[in-house]
Structures are given as C-alpha cells and as structure tokens.
>>> print(open('data-v7.tsv').read())   # TSV, C-alpha atoms
chain	number	residue	atom	x	y	z
U	1365	MET	CA	-33.98	22.82	-59.03
U	1366	SER	CA	-34.15	20.67	-56.02
U	1367	THR	CA	-31.41	18.37	-54.83
U	1368	ALA	CA	-32.18	14.84	-53.91
U	1369	SER	CA	-31.33	13.65	-50.43
U	1370	THR	CA	-28.48	11.12	-50.24
U	1371	ARG	CA	-29.46	9.93	-46.80
U	1372	ARG	CA	-31.03	6.50	-46.56
U	1373	PRO	CA	-34.24	6.01	-44.64
U	1374	GLU	CA	-33.34	4.48	-41.23
U	1375	SER	CA	-36.45	2.36	-40.98
U	1376	ARG	CA	-35.64	0.62	-44.21
U	1377	TYR	CA	-31.87	-0.02	-44.00
U	1378	GLY	CA	-31.08	-0.09	-40.22
U	1379	ARG	CA	-28.25	1.71	-38.45
U	1380	SER	CA	-25.14	2.93	-40.21
U	1381	SER	CA	-21.77	1.33	-39.48
U	1382	ASP	CA	-20.65	4.47	-37.58
U	1383	GLU	CA	-23.52	4.11	-35.11
U	1384	ARG	CA	-22.68	0.44	-34.54
U	1385	ALA	CA	-19.00	1.31	-33.95
U	1386	ASP	CA	-19.96	4.04	-31.47
U	1387	ARG	CA	-22.16	1.62	-29.52
U	1388	THR	CA	-19.39	-1.01	-29.47
U	1389	LEU	CA	-16.85	1.54	-28.20
U	1390	LYS	CA	-19.22	2.62	-25.41
U	1391	VAL	CA	-19.74	-0.98	-24.28
U	1392	VAL	CA	-16.00	-1.77	-24.36
U	1393	GLY	CA	-15.19	1.47	-22.51
U	1394	ALA	CA	-17.75	0.73	-19.79
U	1395	ALA	CA	-16.41	-2.81	-19.34
U	1396	LEU	CA	-12.79	-1.61	-19.10
U	1397	GLY	CA	-13.83	1.09	-16.62
U	1398	ALA	CA	-15.55	-1.50	-14.42
U	1399	VAL	CA	-12.45	-3.75	-14.50
U	1400	LEU	CA	-10.21	-0.79	-13.58
U	1401	LEU	CA	-12.43	0.09	-10.60
U	1402	ALA	CA	-12.37	-3.53	-9.43
U	1403	VAL	CA	-8.55	-3.66	-9.61
U	1404	ILE	CA	-8.20	-0.38	-7.69
U	1405	GLY	CA	-10.65	-1.62	-5.06
U	1406	TYR	CA	-8.79	-4.92	-4.68
U	1407	PHE	CA	-5.38	-3.31	-4.16
U	1408	GLY	CA	-6.84	-0.61	-1.92
U	1409	TYR	CA	-8.43	-3.23	0.34
U	1410	HIS	CA	-5.22	-5.24	0.63
U	1411	TYR	CA	-3.10	-2.14	1.26
U	1412	VAL	CA	-5.35	-0.55	3.88
U	1413	GLY	CA	-7.37	-3.48	5.21
U	1414	GLN	CA	-4.54	-5.93	5.69
U	1415	ASN	CA	-2.15	-3.60	7.54
U	1416	LYS	CA	-2.59	-5.18	10.97
U	1417	ILE	CA	0.52	-3.87	12.72
U	1418	SER	CA	1.66	-0.30	13.29
U	1419	ALA	CA	4.28	1.07	15.65
U	1420	GLU	CA	6.19	4.15	16.67
U	1421	VAL	CA	9.46	4.89	18.39
U	1422	ILE	CA	8.73	6.58	21.71
U	1423	GLU	CA	12.36	7.23	22.68
U	1424	PHE	CA	15.82	5.79	22.22
U	1425	ASP	CA	19.11	5.77	24.08
U	1426	ALA	CA	22.22	5.55	21.92
U	1427	GLY	CA	25.23	3.74	23.37
U	1428	LYS	CA	28.65	2.71	22.11
U	1429	ASN	CA	27.69	-0.69	20.64
U	1430	ALA	CA	23.88	-0.66	20.85
U	1431	VAL	CA	20.81	1.53	20.78
U	1432	LYS	CA	17.99	0.84	23.23
U	1433	VAL	CA	14.66	1.66	21.59
U	1434	HIS	CA	11.31	2.05	23.37
U	1435	LEU	CA	8.85	0.79	20.78
U	1436	GLU	CA	5.06	0.98	21.03
U	1437	VAL	CA	3.29	-1.54	18.78
U	1438	ARG	CA	-0.45	-1.58	18.02
U	1439	LYS	CA	-1.91	-4.63	16.32
U	1440	ASP	CA	-5.02	-6.76	15.98
U	1441	ALA	CA	-5.56	-9.37	18.69
U	1442	GLY	CA	-3.86	-12.59	17.68
U	1443	ALA	CA	-1.93	-10.99	14.83
U	1444	SER	CA	1.78	-11.65	14.55
U	1445	GLY	CA	4.44	-9.82	12.61
U	1446	TYR	CA	7.66	-7.89	12.82
U	1447	CYS	CA	8.98	-4.33	12.83
U	1448	THR	CA	12.27	-3.29	11.24
U	1449	LEU	CA	14.50	-0.75	13.01
U	1450	ARG	CA	17.76	0.81	11.92
U	1451	SER	CA	20.37	3.10	13.36
U	1452	GLN	CA	22.70	5.48	11.58
U	1453	ALA	CA	26.02	7.01	12.56
U	1454	GLU	CA	26.59	10.74	12.63
U	1455	SER	CA	27.92	10.51	9.06
U	1456	GLY	CA	24.63	8.99	7.85
U	1457	ALA	CA	26.04	5.49	7.35
U	1458	GLU	CA	23.85	2.64	8.55
U	1459	VAL	CA	25.43	0.97	11.58
U	1460	GLY	CA	22.64	-1.38	12.63
U	1461	ARG	CA	19.44	-2.95	11.34
U	1462	ALA	CA	17.23	-5.63	12.85
U	1463	ASP	CA	13.74	-7.13	12.78
U	1464	PHE	CA	11.82	-7.53	16.04
U	1465	ARG	CA	8.92	-10.02	16.13
U	1466	PHE	CA	5.62	-9.46	17.92
U	1467	ASP	CA	2.79	-11.91	18.49
U	1468	GLY	CA	0.18	-12.85	21.08
U	1469	ASP	CA	-3.29	-11.62	21.94
U	1470	ALA	CA	-2.33	-8.16	23.25
U	1471	THR	CA	-3.41	-5.27	21.02
U	1472	ARG	CA	-0.85	-2.80	22.42
U	1473	ILE	CA	2.73	-3.71	23.28
U	1474	ASP	CA	5.27	-1.39	24.93
U	1475	LYS	CA	8.71	-2.93	24.70
U	1476	VAL	CA	12.30	-1.77	24.98
U	1477	VAL	CA	14.39	-3.57	22.36
U	1478	THR	CA	18.16	-3.48	21.91
U	1479	LEU	CA	19.51	-2.81	18.43
U	1480	ARG	CA	23.19	-3.81	18.25
U	1481	THR	CA	25.39	-1.52	16.16
U	1482	THR	CA	28.82	-1.81	14.57
U	1483	SER	CA	29.82	1.68	15.75
U	1484	PRO	CA	28.11	4.36	17.85
U	1485	GLY	CA	24.64	5.06	16.44
U	1486	THR	CA	22.99	8.45	16.72
U	1487	THR	CA	19.48	7.56	15.53
U	1488	ALA	CA	16.79	4.93	15.89
U	1489	GLU	CA	14.46	4.82	12.92
U	1490	LEU	CA	11.40	2.64	12.40
U	1491	LEU	CA	11.45	1.48	8.78
U	1492	GLY	CA	8.11	-0.31	8.92
U	1493	CYS	CA	6.01	-3.12	10.34
U	1494	HIS	CA	4.60	-6.10	8.47
U	1495	ALA	CA	2.06	-8.76	9.37
U	1496	GLY	CA	3.13	-12.33	9.01
>>> encode(input="data-v7.tsv", output="structure tokens")
Amino acid sequence: MSTASTRRPESRYGRSSDERADRTLKVVGAALGAVLLAVIGYFGYHYVGQNKISAEVIEFDAGKNAVKVHLEVRKDAGASGYCTLRSQAESGAEVGRADFRFDGDATRIDKVVTLRTTSPGTTAELLGCHAG
C-alpha cells in the first residue's frame, strides 16, 4: 500500500502562509535594524562630534575662603562654553561650585580662576565642560 502525499504542488497553489509570514518577519526585522543603527549613529555623532570643549585642572591652591585653580581649556576656534568646578571640605561636603565661561578664537586657554568657598576647601574638581 502506498500513502498519498498531502503536500500541495507549489507551482499550482503558490507559497504557503508560513513562508509569507517568514518573509514579512525578515523584512520588518531588517527595517527595525536599520532604524536602530541610524539612531545609534545620530546619538554617537552628537555625543562625540559636538563635544567642542575639554579641560583639566593643572593645579590648585586651597585657601580659607577660596580655591585658586589653574585650568587648561582646549576648544575649537570660535567656540564658547563653560566649565563647572567644585570644591569639597575635608568631610566631603561641597563648599563651593561655580561655572567659568570661555570664548574667543584661541584653541588653548591657560587661566587661573578663583572659586569662592563657604569654608576651607581641600579639593578642586572639574565636573565637566559644555559648549554653548
């Protein structure tokens, strides 16, 4: 006894619904993958490419009511922005915080800034620099 095949001939009836669903899932997955790559590229460009100001604290001199900070700033020519500094007491409490603005055509700026404190500060910490 032979058993009859239950499979339909493809040339006569076309693709099955499972094959159509698989193709649709592949197309949707490829489109979502492309959108995800575009979003990652966009945010990566704005995070890395738009950071026009960077700085570092070279040295600082802590006093009774202020901390003098030697700050070296590197930026694009013509870019303006600010850097935020803070000072902490020996206990770890914040005793001073200020923003210092930088602009002009120079690409490297060495400047000594004075951060006023509410009590003697023992540190000078650069929190970050932002263009704008």
>>> atom_distance(input="data-v7.tsv", atom1="CA of Ala1402 in chain U", atom2="CA of Thr1388 in chain U")
21.4 Å
>>> residues_around(input="data-v7.tsv", residues="Ala1470 in chain U", least_positions_apart="3", cutoff="9 Å", atoms="all atoms listed in the file", output="MDAnalysis selection string")
chainID U and resid 1438:1443 1467 1473
>>> residues_around(input="data-v7.tsv", residues="range 1413-1427 of chain U", least_positions_apart="6", cutoff="8 Å", atoms="only C-alpha atoms", output="CSV table (one decimal) with C-alpha atoms, in the coordinates of the input")
chain,number,residue,atom,x,y,z
U,1433,VAL,CA,14.7,1.7,21.6
U,1434,HIS,CA,11.3,2.0,23.4
U,1435,LEU,CA,8.8,0.8,20.8
U,1436,GLU,CA,5.1,1.0,21.0
U,1437,VAL,CA,3.3,-1.5,18.8
U,1438,ARG,CA,-0.4,-1.6,18.0
U,1439,LYS,CA,-1.9,-4.6,16.3
U,1440,ASP,CA,-5.0,-6.8,16.0
U,1443,ALA,CA,-1.9,-11.0,14.8
U,1445,GLY,CA,4.4,-9.8,12.6
U,1447,CYS,CA,9.0,-4.3,12.8
U,1484,PRO,CA,28.1,4.4,17.8
U,1485,GLY,CA,24.6,5.1,16.4
U,1486,THR,CA,23.0,8.4,16.7
U,1487,THR,CA,19.5,7.6,15.5
U,1488,ALA,CA,16.8,4.9,15.9
U,1489,GLU,CA,14.5,4.8,12.9
U,1490,LEU,CA,11.4,2.6,12.4
U,1492,GLY,CA,8.1,-0.3,8.9
U,1493,CYS,CA,6.0,-3.1,10.3
U,1494,HIS,CA,4.6,-6.1,8.5
U,1495,ALA,CA,2.1,-8.8,9.4
>>> atom_distance(input="data-v7.tsv", atom1="CA of Leu1491 in chain U", atom2="CA of Arg1465 in chain U")
13.9 Å
>>> atom_distance(input="data-v7.tsv", atom1="CA of Ala1462 in chain U", atom2="CA of Arg1450 in chain U")
6.5 Å
>>> closest_residue(input="data-v7.tsv", among="U:Glu1383, U:Val1477, U:Gly1408, U:Val1399", to="Ala1430 in chain U", atoms="all atoms listed in the file")
U:Val1477
>>> closest_residue(input="data-v7.tsv", among="U:Ala1394, U:Leu1389, U:Lys1432, U:Ser1381", to="Lys1475 in chain U", atoms="all atoms listed in the file")
U:Lys1432
>>> axis_aligned_box(input="data-v7.tsv", around="range 1419-1435 of chain U", padding_each_side="5 Å", output="lines of an AutoDock Vina configuration file")
center_x = 16.5
center_y = 3.3
center_z = 19.9
size_x = 34.4
size_y = 17.9
size_z = 18.4
>>> closest_residue(input="data-v7.tsv", among="U:Thr1370, U:Gly1456, U:Val1431, U:Arg1384", to="Thr1478 in chain U", atoms="all atoms listed in the file")
U:Val1431
>>> closest_residue(input="data-v7.tsv", among="U:Tyr1409, U:Thr1482, U:Val1391, U:Leu1401", to="Glu1458 in chain U", atoms="all atoms listed in the file")
U:Thr1482
>>> decode(input="data-v7.tsv", residues="range 1460-1478 of chain U", atoms="N, CA, C and O atoms", output="PDB file, in the first residue's frame")
ATOM      1  N   GLY U1460      31.891  74.794  47.636  1.00  0.00           N
ATOM      2  CA  GLY U1460      31.898  75.780  46.556  1.00  0.00           C
ATOM      3  C   GLY U1460      31.673  75.124  45.212  1.00  0.00           C
ATOM      4  O   GLY U1460      32.126  74.014  44.969  1.00  0.00           O
ATOM      5  N   ARG U1461      30.926  75.839  44.352  1.00  0.00           N
ATOM      6  CA  ARG U1461      30.677  75.370  42.994  1.00  0.00           C
ATOM      7  C   ARG U1461      30.450  76.603  42.126  1.00  0.00           C
ATOM      8  O   ARG U1461      29.745  77.522  42.529  1.00  0.00           O
ATOM      9  N   ALA U1462      31.059  76.598  40.929  1.00  0.00           N
ATOM     10  CA  ALA U1462      30.883  77.739  40.041  1.00  0.00           C
ATOM     11  C   ALA U1462      31.137  77.323  38.597  1.00  0.00           C
ATOM     12  O   ALA U1462      31.842  76.353  38.332  1.00  0.00           O
ATOM     13  N   ASP U1463      30.525  78.097  37.681  1.00  0.00           N
ATOM     14  CA  ASP U1463      30.749  77.924  36.246  1.00  0.00           C
ATOM     15  C   ASP U1463      31.675  79.039  35.781  1.00  0.00           C
ATOM     16  O   ASP U1463      31.512  80.198  36.169  1.00  0.00           O
ATOM     17  N   PHE U1464      32.637  78.697  34.932  1.00  0.00           N
ATOM     18  CA  PHE U1464      33.557  79.672  34.369  1.00  0.00           C
ATOM     19  C   PHE U1464      33.431  79.620  32.857  1.00  0.00           C
ATOM     20  O   PHE U1464      33.589  78.559  32.247  1.00  0.00           O
ATOM     21  N   ARG U1465      33.123  80.779  32.237  1.00  0.00           N
ATOM     22  CA  ARG U1465      32.867  80.866  30.800  1.00  0.00           C
ATOM     23  C   ARG U1465      34.166  81.078  30.034  1.00  0.00           C
ATOM     24  O   ARG U1465      35.066  81.770  30.498  1.00  0.00           O
ATOM     25  N   PHE U1466      34.203  80.487  28.813  1.00  0.00           N
ATOM     26  CA  PHE U1466      35.337  80.645  27.920  1.00  0.00           C
ATOM     27  C   PHE U1466      34.808  80.889  26.517  1.00  0.00           C
ATOM     28  O   PHE U1466      33.882  80.220  26.078  1.00  0.00           O
ATOM     29  N   ASP U1467      35.405  81.877  25.837  1.00  0.00           N
ATOM     30  CA  ASP U1467      35.040  82.121  24.446  1.00  0.00           C
ATOM     31  C   ASP U1467      36.236  82.735  23.729  1.00  0.00           C
ATOM     32  O   ASP U1467      37.309  82.849  24.303  1.00  0.00           O
ATOM     33  N   GLY U1468      36.067  83.118  22.490  1.00  0.00           N
ATOM     34  CA  GLY U1468      37.163  83.698  21.720  1.00  0.00           C
ATOM     35  C   GLY U1468      37.689  82.727  20.689  1.00  0.00           C
ATOM     36  O   GLY U1468      37.184  81.609  20.525  1.00  0.00           O
ATOM     37  N   ASP U1469      38.735  83.167  19.983  1.00  0.00           N
ATOM     38  CA  ASP U1469      39.287  82.370  18.891  1.00  0.00           C
ATOM     39  C   ASP U1469      40.423  81.441  19.319  1.00  0.00           C
ATOM     40  O   ASP U1469      40.845  80.587  18.550  1.00  0.00           O
ATOM     41  N   ALA U1470      40.942  81.615  20.523  1.00  0.00           N
ATOM     42  CA  ALA U1470      42.049  80.770  20.984  1.00  0.00           C
ATOM     43  C   ALA U1470      41.576  79.328  21.133  1.00  0.00           C
ATOM     44  O   ALA U1470      40.456  79.060  21.559  1.00  0.00           O
ATOM     45  N   THR U1471      42.444  78.384  20.774  1.00  0.00           N
ATOM     46  CA  THR U1471      42.094  76.964  20.901  1.00  0.00           C
ATOM     47  C   THR U1471      42.597  76.364  22.207  1.00  0.00           C
ATOM     48  O   THR U1471      42.175  75.280  22.584  1.00  0.00           O
ATOM     49  N   ARG U1472      43.523  77.056  22.875  1.00  0.00           N
ATOM     50  CA  ARG U1472      44.039  76.586  24.164  1.00  0.00           C
ATOM     51  C   ARG U1472      44.104  77.772  25.106  1.00  0.00           C
ATOM     52  O   ARG U1472      44.690  78.800  24.777  1.00  0.00           O
ATOM     53  N   ILE U1473      43.493  77.629  26.262  1.00  0.00           N
ATOM     54  CA  ILE U1473      43.449  78.718  27.249  1.00  0.00           C
ATOM     55  C   ILE U1473      43.984  78.192  28.570  1.00  0.00           C
ATOM     56  O   ILE U1473      43.486  77.196  29.094  1.00  0.00           O
ATOM     57  N   ASP U1474      45.017  78.863  29.106  1.00  0.00           N
ATOM     58  CA  ASP U1474      45.517  78.594  30.453  1.00  0.00           C
ATOM     59  C   ASP U1474      45.063  79.751  31.321  1.00  0.00           C
ATOM     60  O   ASP U1474      45.412  80.907  31.063  1.00  0.00           O
ATOM     61  N   LYS U1475      44.286  79.452  32.344  1.00  0.00           N
ATOM     62  CA  LYS U1475      43.735  80.520  33.166  1.00  0.00           C
ATOM     63  C   LYS U1475      43.679  80.072  34.617  1.00  0.00           C
ATOM     64  O   LYS U1475      43.358  78.924  34.898  1.00  0.00           O
ATOM     65  N   VAL U1476      43.981  80.993  35.504  1.00  0.00           N
ATOM     66  CA  VAL U1476      43.828  80.741  36.939  1.00  0.00           C
ATOM     67  C   VAL U1476      42.521  81.405  37.346  1.00  0.00           C
ATOM     68  O   VAL U1476      42.351  82.612  37.198  1.00  0.00           O
ATOM     69  N   VAL U1477      41.585  80.588  37.825  1.00  0.00           N
ATOM     70  CA  VAL U1477      40.279  81.091  38.249  1.00  0.00           C
ATOM     71  C   VAL U1477      40.163  80.935  39.757  1.00  0.00           C
ATOM     72  O   VAL U1477      40.808  80.072  40.358  1.00  0.00           O
ATOM     73  N   THR U1478      39.342  81.774  40.369  1.00  0.00           N
ATOM     74  CA  THR U1478      39.150  81.738  41.819  1.00  0.00           C
ATOM     75  C   THR U1478      37.752  81.217  42.123  1.00  0.00           C
ATOM     76  O   THR U1478      36.761  81.814  41.705  1.00  0.00           O
TER      77      THR U1478
END
